[in-house]
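my_file.cif (mmCIF, C-alpha atoms and all ligand atoms) appears below.
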data_my_file
#
loop_
_atom_site.group_PDB
_atom_site.id
_atom_site.type_symbol
_atom_site.label_atom_id
_atom_site.label_comp_id
_atom_site.auth_asym_id
_atom_site.auth_seq_id
_atom_site.Cartn_x
_atom_site.Cartn_y
_atom_site.Cartn_z
ATOM 1 C CA MET V 17 123.963 67.874 102.307
ATOM 2 C CA ILE V 18 125.345 71.316 101.331
ATOM 3 C CA MET V 19 123.830 72.458 98.025
ATOM 4 C CA THR V 20 126.241 73.527 95.314
ATOM 5 C CA GLY V 21 126.025 76.094 92.525
ATOM 6 C CA ARG V 22 123.493 78.267 94.389
ATOM 7 C CA ARG V 23 123.996 81.954 94.937
ATOM 8 C CA SER V 24 124.145 81.763 98.717
ATOM 9 C CA GLU V 25 125.976 78.489 99.239
ATOM 10 C CA GLY V 26 128.402 80.567 101.314
ATOM 11 C CA GLN V 27 125.541 81.674 103.566
ATOM 12 C CA GLN V 28 124.409 78.090 104.074
ATOM 13 C CA ARG V 29 127.925 77.158 105.206
ATOM 14 C CA GLN V 30 127.970 80.249 107.412
ATOM 15 C CA TRP V 31 124.850 79.066 109.254
ATOM 16 C CA GLU V 32 126.201 75.499 109.593
ATOM 17 C CA THR V 33 129.330 76.776 111.334
ATOM 18 C CA THR V 34 127.394 79.353 113.379
ATOM 19 C CA TYR V 35 125.144 76.665 114.856
ATOM 20 C CA VAL V 36 128.142 74.857 116.344
ATOM 21 C CA GLN V 37 127.322 77.348 119.108
ATOM 22 C CA LYS V 38 124.228 76.088 120.914
ATOM 23 C CA ASP V 39 121.349 78.573 121.301
ATOM 24 C CA PHE V 40 123.022 81.192 119.092
ATOM 25 C CA PHE V 41 119.949 83.465 119.406
ATOM 26 C CA GLY V 42 119.315 82.416 123.011
ATOM 27 C CA SER V 43 116.960 79.748 124.318
ATOM 28 C CA LYS V 44 113.920 81.967 124.916
ATOM 29 C CA PRO V 45 111.234 82.424 122.244
ATOM 30 C CA SER V 46 111.562 85.527 120.089
ATOM 31 C CA GLU V 47 109.518 88.696 120.629
ATOM 32 C CA LEU V 48 107.768 87.893 117.325
ATOM 33 C CA ALA V 49 106.662 84.426 118.461
ATOM 34 C CA GLU V 50 105.325 85.816 121.753
ATOM 35 C CA SER V 51 103.538 88.605 119.935
ATOM 36 C CA VAL V 52 101.714 86.418 117.375
ATOM 37 C CA LEU V 53 100.876 83.271 119.377
ATOM 38 C CA PRO V 54 97.651 84.794 120.830
ATOM 39 C CA LEU V 55 96.446 85.627 117.294
ATOM 40 C CA MET V 56 97.185 82.092 116.090
ATOM 41 C CA LEU V 57 95.304 80.568 119.029
ATOM 42 C CA GLN V 58 92.390 82.964 118.507
ATOM 43 C CA GLU V 59 92.267 81.953 114.807
ATOM 44 C CA LYS V 60 92.266 78.260 115.806
ATOM 45 C CA VAL V 61 95.507 77.592 113.939
ATOM 46 C CA ARG V 62 96.581 73.953 114.318
ATOM 47 C CA ASP V 63 99.159 73.262 111.587
ATOM 48 C CA VAL V 64 102.014 75.743 111.257
ATOM 49 C CA VAL V 65 104.928 75.624 108.860
ATOM 50 C CA GLU V 66 107.979 77.472 110.162
ATOM 51 C CA LEU V 67 110.506 78.575 107.524
ATOM 52 C CA GLY V 68 114.107 79.243 108.582
ATOM 53 C CA CYS V 69 113.539 77.836 112.089
ATOM 54 C CA GLY V 70 117.266 77.805 112.951
ATOM 55 C CA GLN V 71 117.875 75.911 116.215
ATOM 56 C CA GLY V 72 114.176 76.000 117.057
ATOM 57 C CA ARG V 73 113.708 78.588 119.807
ATOM 58 C CA ASP V 74 110.233 79.493 118.400
ATOM 59 C CA THR V 75 109.367 75.956 117.267
ATOM 60 C CA TRP V 76 109.418 74.603 120.850
ATOM 61 C CA TYR V 77 107.389 77.555 122.079
ATOM 62 C CA PHE V 78 104.623 76.938 119.524
ATOM 63 C CA ALA V 79 104.682 73.177 120.131
ATOM 64 C CA ARG V 80 104.516 73.618 123.921
ATOM 65 C CA ASN V 81 101.408 75.717 123.284
ATOM 66 C CA GLY V 82 99.687 72.932 121.365
ATOM 67 C CA LEU V 83 100.453 73.770 117.717
ATOM 68 C CA PHE V 84 101.668 71.119 115.241
ATOM 69 C CA VAL V 85 104.831 72.571 113.713
ATOM 70 C CA THR V 86 106.684 71.507 110.579
ATOM 71 C CA ALA V 87 109.962 73.374 110.994
ATOM 72 C CA MET V 88 112.292 73.841 108.027
ATOM 73 C CA ASP V 89 115.780 75.194 107.569
ATOM 74 C CA TYR V 90 118.605 74.556 105.128
ATOM 75 C CA SER V 91 121.021 74.125 108.040
ATOM 76 C CA GLU V 92 121.354 70.459 108.954
ATOM 77 C CA ALA V 93 123.030 71.445 112.242
ATOM 78 C CA GLY V 94 120.027 73.595 113.190
ATOM 79 C CA ILE V 95 117.502 70.869 112.331
ATOM 80 C CA CYS V 96 119.506 68.174 114.216
ATOM 81 C CA GLN V 97 119.567 70.318 117.360
ATOM 82 C CA LEU V 98 115.857 71.057 117.008
ATOM 83 C CA ARG V 99 115.035 67.337 116.683
ATOM 84 C CA ASP V 100 117.234 66.401 119.676
ATOM 85 C CA ARG V 101 115.566 69.035 121.838
ATOM 86 C CA ALA V 102 112.079 67.975 120.698
ATOM 87 C CA ASN V 103 112.922 64.380 121.732
ATOM 88 C CA ASP V 104 114.331 65.505 125.093
ATOM 89 C CA MET V 105 111.198 67.556 125.747
ATOM 90 C CA ASN V 106 108.995 64.695 124.578
ATOM 91 C CA LEU V 107 107.245 66.944 122.072
ATOM 92 C CA GLY V 108 105.608 64.745 119.420
ATOM 93 C CA ASN V 109 104.054 67.679 117.565
ATOM 94 C CA ILE V 110 107.292 68.896 115.912
ATOM 95 C CA LYS V 111 108.601 67.698 112.562
ATOM 96 C CA GLY V 112 112.029 69.019 111.518
ATOM 97 C CA GLN V 113 112.990 69.014 107.844
ATOM 98 C CA VAL V 114 116.187 70.139 106.080
ATOM 99 C CA HIS V 115 114.856 72.198 103.180
ATOM 100 C CA ASP V 116 115.887 75.197 101.096
ATOM 101 C CA VAL V 117 112.903 77.548 100.747
ATOM 102 C CA ARG V 118 114.029 78.438 97.220
ATOM 103 C CA ASP V 119 113.017 74.915 96.190
ATOM 104 C CA GLY V 120 109.293 75.512 96.760
ATOM 105 C CA LEU V 121 107.183 74.171 99.621
ATOM 106 C CA PRO V 122 106.454 70.412 99.751
ATOM 107 C CA PHE V 123 102.782 70.733 100.728
ATOM 108 C CA GLN V 124 99.448 70.407 98.974
ATOM 109 C CA ASP V 125 97.409 73.411 97.847
ATOM 110 C CA ASN V 126 95.176 75.029 100.526
ATOM 111 C CA SER V 127 96.415 72.676 103.261
ATOM 112 C CA ILE V 128 98.190 74.802 105.918
ATOM 113 C CA ASP V 129 96.688 77.086 108.597
ATOM 114 C CA ALA V 130 99.686 79.398 109.070
ATOM 115 C CA ILE V 131 103.216 79.954 107.808
ATOM 116 C CA TYR V 132 105.615 81.608 110.222
ATOM 117 C CA SER V 133 109.162 82.846 109.744
ATOM 118 C CA HIS V 134 111.337 85.027 111.935
ATOM 119 C CA MET V 135 114.208 86.686 110.006
ATOM 120 C CA LEU V 136 114.131 84.235 107.081
ATOM 121 C CA MET V 137 112.693 86.606 104.483
ATOM 122 C CA CYS V 138 115.572 89.035 105.194
ATOM 123 C CA MET V 139 118.304 86.555 104.344
ATOM 124 C CA GLU V 140 120.251 86.614 101.059
ATOM 125 C CA LEU V 141 117.157 86.255 98.853
ATOM 126 C CA SER V 142 116.703 88.216 95.626
ATOM 127 C CA ASP V 143 113.424 89.993 94.821
ATOM 128 C CA GLU V 144 112.550 87.150 92.390
ATOM 129 C CA GLU V 145 113.234 84.504 95.050
ATOM 130 C CA LEU V 146 111.145 86.412 97.599
ATOM 131 C CA GLN V 147 108.244 86.668 95.152
ATOM 132 C CA SER V 148 108.403 82.966 94.423
ATOM 133 C CA ILE V 149 108.387 82.176 98.195
ATOM 134 C CA MET V 150 105.339 84.459 98.599
ATOM 135 C CA ASP V 151 103.605 82.639 95.711
ATOM 136 C CA GLU V 152 104.331 79.233 97.247
ATOM 137 C CA CYS V 153 103.006 80.373 100.635
ATOM 138 C CA PHE V 154 99.833 81.613 98.925
ATOM 139 C CA ARG V 155 99.392 78.263 97.168
ATOM 140 C CA VAL V 156 99.738 76.064 100.272
ATOM 141 C CA LEU V 157 97.827 78.222 102.783
ATOM 142 C CA ARG V 158 94.130 77.511 103.187
ATOM 143 C CA PRO V 159 91.807 80.419 102.338
ATOM 144 C CA GLY V 160 91.882 82.690 105.388
ATOM 145 C CA GLY V 161 95.272 81.240 106.410
ATOM 146 C CA LEU V 162 97.959 83.502 107.878
ATOM 147 C CA LYS V 163 101.418 84.362 106.626
ATOM 148 C CA ILE V 164 103.376 85.779 109.553
ATOM 149 C CA PHE V 165 106.935 86.962 109.124
ATOM 150 C CA SER V 166 109.562 89.439 110.204
ATOM 151 C CA VAL V 167 112.225 91.304 108.260
ATOM 152 C CA ARG V 168 115.041 93.631 109.325
ATOM 153 C CA ASN V 169 114.050 97.163 108.383
ATOM 154 C CA ASP V 170 115.463 100.499 107.259
ATOM 155 C CA HIS V 171 115.739 101.729 110.889
ATOM 156 C CA ASP V 172 118.014 98.842 111.872
ATOM 157 C CA PRO V 173 121.531 99.830 113.095
ATOM 158 C CA HIS V 174 123.097 97.777 110.262
ATOM 159 C CA TYR V 175 120.950 99.259 107.454
ATOM 160 C CA GLY V 176 123.219 100.509 104.645
ATOM 161 C CA LYS V 177 126.383 99.631 106.620
ATOM 162 C CA PHE V 178 129.395 97.452 105.778
ATOM 163 C CA ASP V 179 129.825 95.729 102.369
ATOM 164 C CA ALA V 180 127.146 96.057 99.674
ATOM 165 C CA ALA V 181 126.038 92.548 98.646
ATOM 166 C CA GLY V 182 123.233 93.157 96.122
ATOM 167 C CA LYS V 183 120.050 95.212 95.959
ATOM 168 C CA ASP V 184 119.126 96.280 99.540
ATOM 169 C CA MET V 185 121.596 93.725 100.953
ATOM 170 C CA TRP V 186 124.715 94.238 103.041
ATOM 171 C CA ARG V 187 127.253 91.762 104.462
ATOM 172 C CA ASN V 188 128.007 92.430 108.132
ATOM 173 C CA PRO V 189 131.427 91.839 109.760
ATOM 174 C CA MET V 190 130.274 88.410 111.020
ATOM 175 C CA GLY V 191 129.797 87.405 107.367
ATOM 176 C CA PHE V 192 125.967 87.343 107.262
ATOM 177 C CA VAL V 193 124.242 88.892 104.252
ATOM 178 C CA VAL V 194 121.050 90.684 105.327
ATOM 179 C CA HIS V 195 118.259 92.012 103.086
ATOM 180 C CA PHE V 196 116.632 95.165 104.541
ATOM 181 C CA PHE V 197 113.073 96.352 103.831
ATOM 182 C CA THR V 198 111.098 99.576 103.892
ATOM 183 C CA LYS V 199 107.399 99.417 104.745
ATOM 184 C CA GLU V 200 106.590 100.240 101.111
ATOM 185 C CA GLN V 201 108.625 97.262 99.898
ATOM 186 C CA ILE V 202 106.664 94.952 102.179
ATOM 187 C CA GLU V 203 103.368 96.410 100.922
ATOM 188 C CA SER V 204 104.479 95.713 97.384
ATOM 189 C CA LEU V 205 105.397 92.099 98.268
ATOM 190 C CA ALA V 206 101.962 91.720 99.882
ATOM 191 C CA LYS V 207 99.969 92.415 96.666
ATOM 192 C CA GLY V 208 97.023 90.014 96.478
ATOM 193 C CA TRP V 209 97.053 89.414 100.267
ATOM 194 C CA GLU V 210 94.984 91.107 102.965
ATOM 195 C CA ILE V 211 97.343 93.082 105.202
ATOM 196 C CA VAL V 212 96.347 92.414 108.829
ATOM 197 C CA HIS V 213 99.174 94.612 110.119
ATOM 198 C CA ILE V 214 102.757 95.728 109.618
ATOM 199 C CA LYS V 215 104.383 97.049 112.781
ATOM 200 C CA GLU V 216 107.858 97.786 114.013
ATOM 201 C CA PHE V 217 109.480 95.891 116.876
ATOM 202 C CA GLU V 218 112.908 95.082 118.319
ATOM 203 C CA ASP V 219 114.536 91.679 118.631
ATOM 204 C CA ARG V 220 116.882 91.844 121.631
ATOM 205 C CA SER V 221 118.361 88.374 121.204
ATOM 206 C CA PRO V 222 122.171 88.115 121.023
ATOM 207 C CA PRO V 223 124.448 89.272 119.532
ATOM 208 C CA PHE V 224 122.801 92.765 119.217
ATOM 209 C CA THR V 225 119.394 94.474 119.119
ATOM 210 C CA LYS V 226 117.806 94.408 115.666
ATOM 211 C CA LYS V 227 114.919 96.522 114.318
ATOM 212 C CA LEU V 228 112.298 94.673 112.325
ATOM 213 C CA TYR V 229 108.820 94.773 110.897
ATOM 214 C CA GLU V 230 106.290 92.246 112.141
ATOM 215 C CA VAL V 231 104.104 91.414 109.149
ATOM 216 C CA VAL V 232 100.810 89.529 109.315
ATOM 217 C CA LEU V 233 99.032 88.798 106.030
ATOM 218 C CA ARG V 234 95.933 86.775 105.335
ATOM 219 C CA LYS V 235 95.197 84.757 102.218
ATOM 220 C CA PRO V 236 91.803 86.117 101.127
ATOM 221 C CA LYS V 237 88.891 83.759 101.756
ATOM 222 C CA ARG V 238 87.742 84.407 98.208
ATOM 223 C CA THR V 239 90.104 85.231 95.378
ATOM 224 C CA VAL V 240 88.828 87.579 92.678
ATOM 225 C CA GLU V 241 88.335 85.725 89.389
ATOM 226 C CA ALA V 242 90.091 87.237 86.374
ATOM 227 C CA PHE V 243 87.688 88.337 83.624
HETATM 228 C C1 LIG A 1 118.501 84.975 111.175
HETATM 229 S S1 LIG A 1 118.343 83.218 111.295
HETATM 230 C C2 LIG A 1 116.839 83.056 112.228
HETATM 231 C C3 LIG A 1 116.647 81.685 112.831
HETATM 232 C C4 LIG A 1 115.377 81.513 113.668
HETATM 233 N N1 LIG A 1 114.191 81.876 112.928
HETATM 234 C C5 LIG A 1 115.468 82.306 114.938
HETATM 235 O O1 LIG A 1 114.944 83.431 114.974
HETATM 236 O O2 LIG A 1 116.087 81.821 115.904
HETATM 237 C C6 LIG A 1 117.823 82.795 109.631
HETATM 238 C C7 LIG A 1 117.682 81.317 109.380
HETATM 239 O O3 LIG A 1 117.250 81.134 108.032
HETATM 240 C C8 LIG A 1 117.924 80.011 107.485
HETATM 241 N N2 LIG A 1 117.920 80.187 106.015
HETATM 242 C C9 LIG A 1 118.494 81.188 105.305
HETATM 243 N N3 LIG A 1 118.261 81.015 103.992
HETATM 244 C C10 LIG A 1 117.515 79.886 103.867
HETATM 245 C C11 LIG A 1 116.972 79.185 102.759
HETATM 246 N N4 LIG A 1 117.163 79.613 101.500
HETATM 247 N N5 LIG A 1 116.244 78.064 102.997
HETATM 248 C C12 LIG A 1 116.065 77.624 104.275
HETATM 249 N N6 LIG A 1 116.587 78.226 105.363
HETATM 250 C C13 LIG A 1 117.295 79.355 105.161
HETATM 251 C C14 LIG A 1 119.304 80.021 108.133
HETATM 252 O O4 LIG A 1 119.915 78.758 108.115
HETATM 253 C C15 LIG A 1 118.968 80.498 109.542
HETATM 254 O O5 LIG A 1 118.711 79.414 110.395
#
As structure tokens - that is how I would like this structure written.
Ligand SMILES: C[S@@+](CC[C@H](N)C(=O)[O-])C[C@H]1O[C@@H](n2cnc3c(N)ncnc32)[C@H](O)[C@@H]1O
Amino acid sequence: MIMTGRRSEGQQRQWETTYVQKDFFGSKPSELAESVLPLMLQEKVRDVVELGCGQGRDTWYFARNGLFVTAMDYSEAGICQLRDRANDMNLGNIKGQVHDVRDGLPFQDNSIDAIYSHMLMCMELSDEELQSIMDECFRVLRPGGLKIFSVRNDHDPHYGKFDAAGKDMWRNPMGFVVHFFTKEQIESLAKGWEIVHIKEFEDRSPPFTKKLYEVVLRKPKRTVEAF
């Protein structure tokens, strides 16, 4: 069901029509997924929530490597393709769910080992929406749990180009609104989290090479009590 009355209804439609093309970002896992899987295995992550999973190129990769993935996206087309592929590959450890991340996360407090998202946090999300997603991630992650995400950055070829579409956001000629981040903006979003690392990388998937930050945060094992 397409949601109405929301700021980026147009973007949701844009993704629905984009995913008519199978494997829009290619069928291989992303550079981010390959980079962070060893850390997740080392940390004994079992349950991962993937936000903005698209057609599932990273979901299958994690599931094939033994993780239990709940993959969410507001594109029904993306989730249908992900479910079909999971069935074809006989992967029982994938659950696909159509969900808008602005509506909170449907999980209990302190219940998830890791939350992963590649290029979701740099979609058409306002600063307030981003903060509320960060707060929800903090609530549902177990103490010591990991929040792993990527965002397009201020060195990206599309940074500051094309049509302005809000604070730090630009609409590219394909019609996608992208939110770009400096390292300082990520540090500010990460207040209250332990920063494991923030590092730059390139995503070479079609249709062009993008520059991003890989961000790994940890929910502190102990939160400081307010006086
Ligand atoms: C740039 S694509 C990345 C897809 C996937 N992570 C990948 O790398 O192949 C961003 C994805 O976020 C989804 N998305 C954008 N805003 C969303 C929202 N508010 N709630 C859920 N999904 C959203 C889009 O439908 C799209 O699939």
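Distance-wise, atom CA of V:Ile110 and atom CA of V:Thr225 end up 28.5 Å apart.
Applied to this file, the PyMOL selection byres (((chain V and resi 33) around 12) and not hetatm) selects V:Gly26, V:Gln27, V:Gln28, V:Arg29, V:Gln30, V:Trp31, V:Glu32, V:Thr34, V:Tyr35, V:Val36, V:Gln37, V:Lys38, V:Phe40, V:Ser91, V:Glu92, V:Ala93, V:Gly94, V:Met190, V:Gly191, V:Phe192.
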Can you pull out every residue with an atom within 6 Å of ligand LIG 1 (chain A)? Use all atoms listed in the file and format it as a short mmCIF file (atom, residue, chain, number, x, y, z; two decimals) with C-alpha atoms, in the coordinates of the input.
data_model
loop_
_atom_site.label_atom_id
_atom_site.label_comp_id
_atom_site.auth_asym_id
_atom_site.auth_seq_id
_atom_site.Cartn_x
_atom_site.Cartn_y
_atom_site.Cartn_z
CA TRP V 31 124.85 79.07 109.25
CA PHE V 41 119.95 83.46 119.41
CA GLY V 68 114.11 79.24 108.58
CA CYS V 69 113.54 77.84 112.09
CA GLY V 70 117.27 77.81 112.95
CA ARG V 73 113.71 78.59 119.81
CA ASP V 89 115.78 75.19 107.57
CA TYR V 90 118.60 74.56 105.13
CA SER V 91 121.02 74.12 108.04
CA HIS V 115 114.86 72.20 103.18
CA ASP V 116 115.89 75.20 101.10
CA VAL V 117 112.90 77.55 100.75
CA ARG V 118 114.03 78.44 97.22
CA HIS V 134 111.34 85.03 111.94
CA MET V 135 114.21 86.69 110.01
CA LEU V 136 114.13 84.24 107.08
CA MET V 139 118.30 86.56 104.34
#
Of V:Leu67, V:Val167, V:Ser142, V:Gln201, the one nearest to V:Lys183 when counting only C-alpha atoms is V:Ser142
Mind pulling up the distance from atom CA of V:Ile202 to atom CA of V:Asp74? 22.7 Å
Residue by residue, what does the PyMOL selection byres (((chain V and resi 78) around 12) and not hetatm) grab here? Present the result as a ChimeraX atom specification. /V:44-46,48-54,56-57,61-66,69,72-77,79-87,102,107,109-110,130,132
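The spacing separating atom CA of V:Pro222 from atom CA of V:Gly42 amounts to 6.7 Å.
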If we count all atoms listed in the file, what is near stretch 172-181 of chain V at a cut-off of 6 Å, once residues fewer than 6 positions away on the same chain are taken out, given as an MDAnalysis selection string? chainID V and resid 187:188 226:227
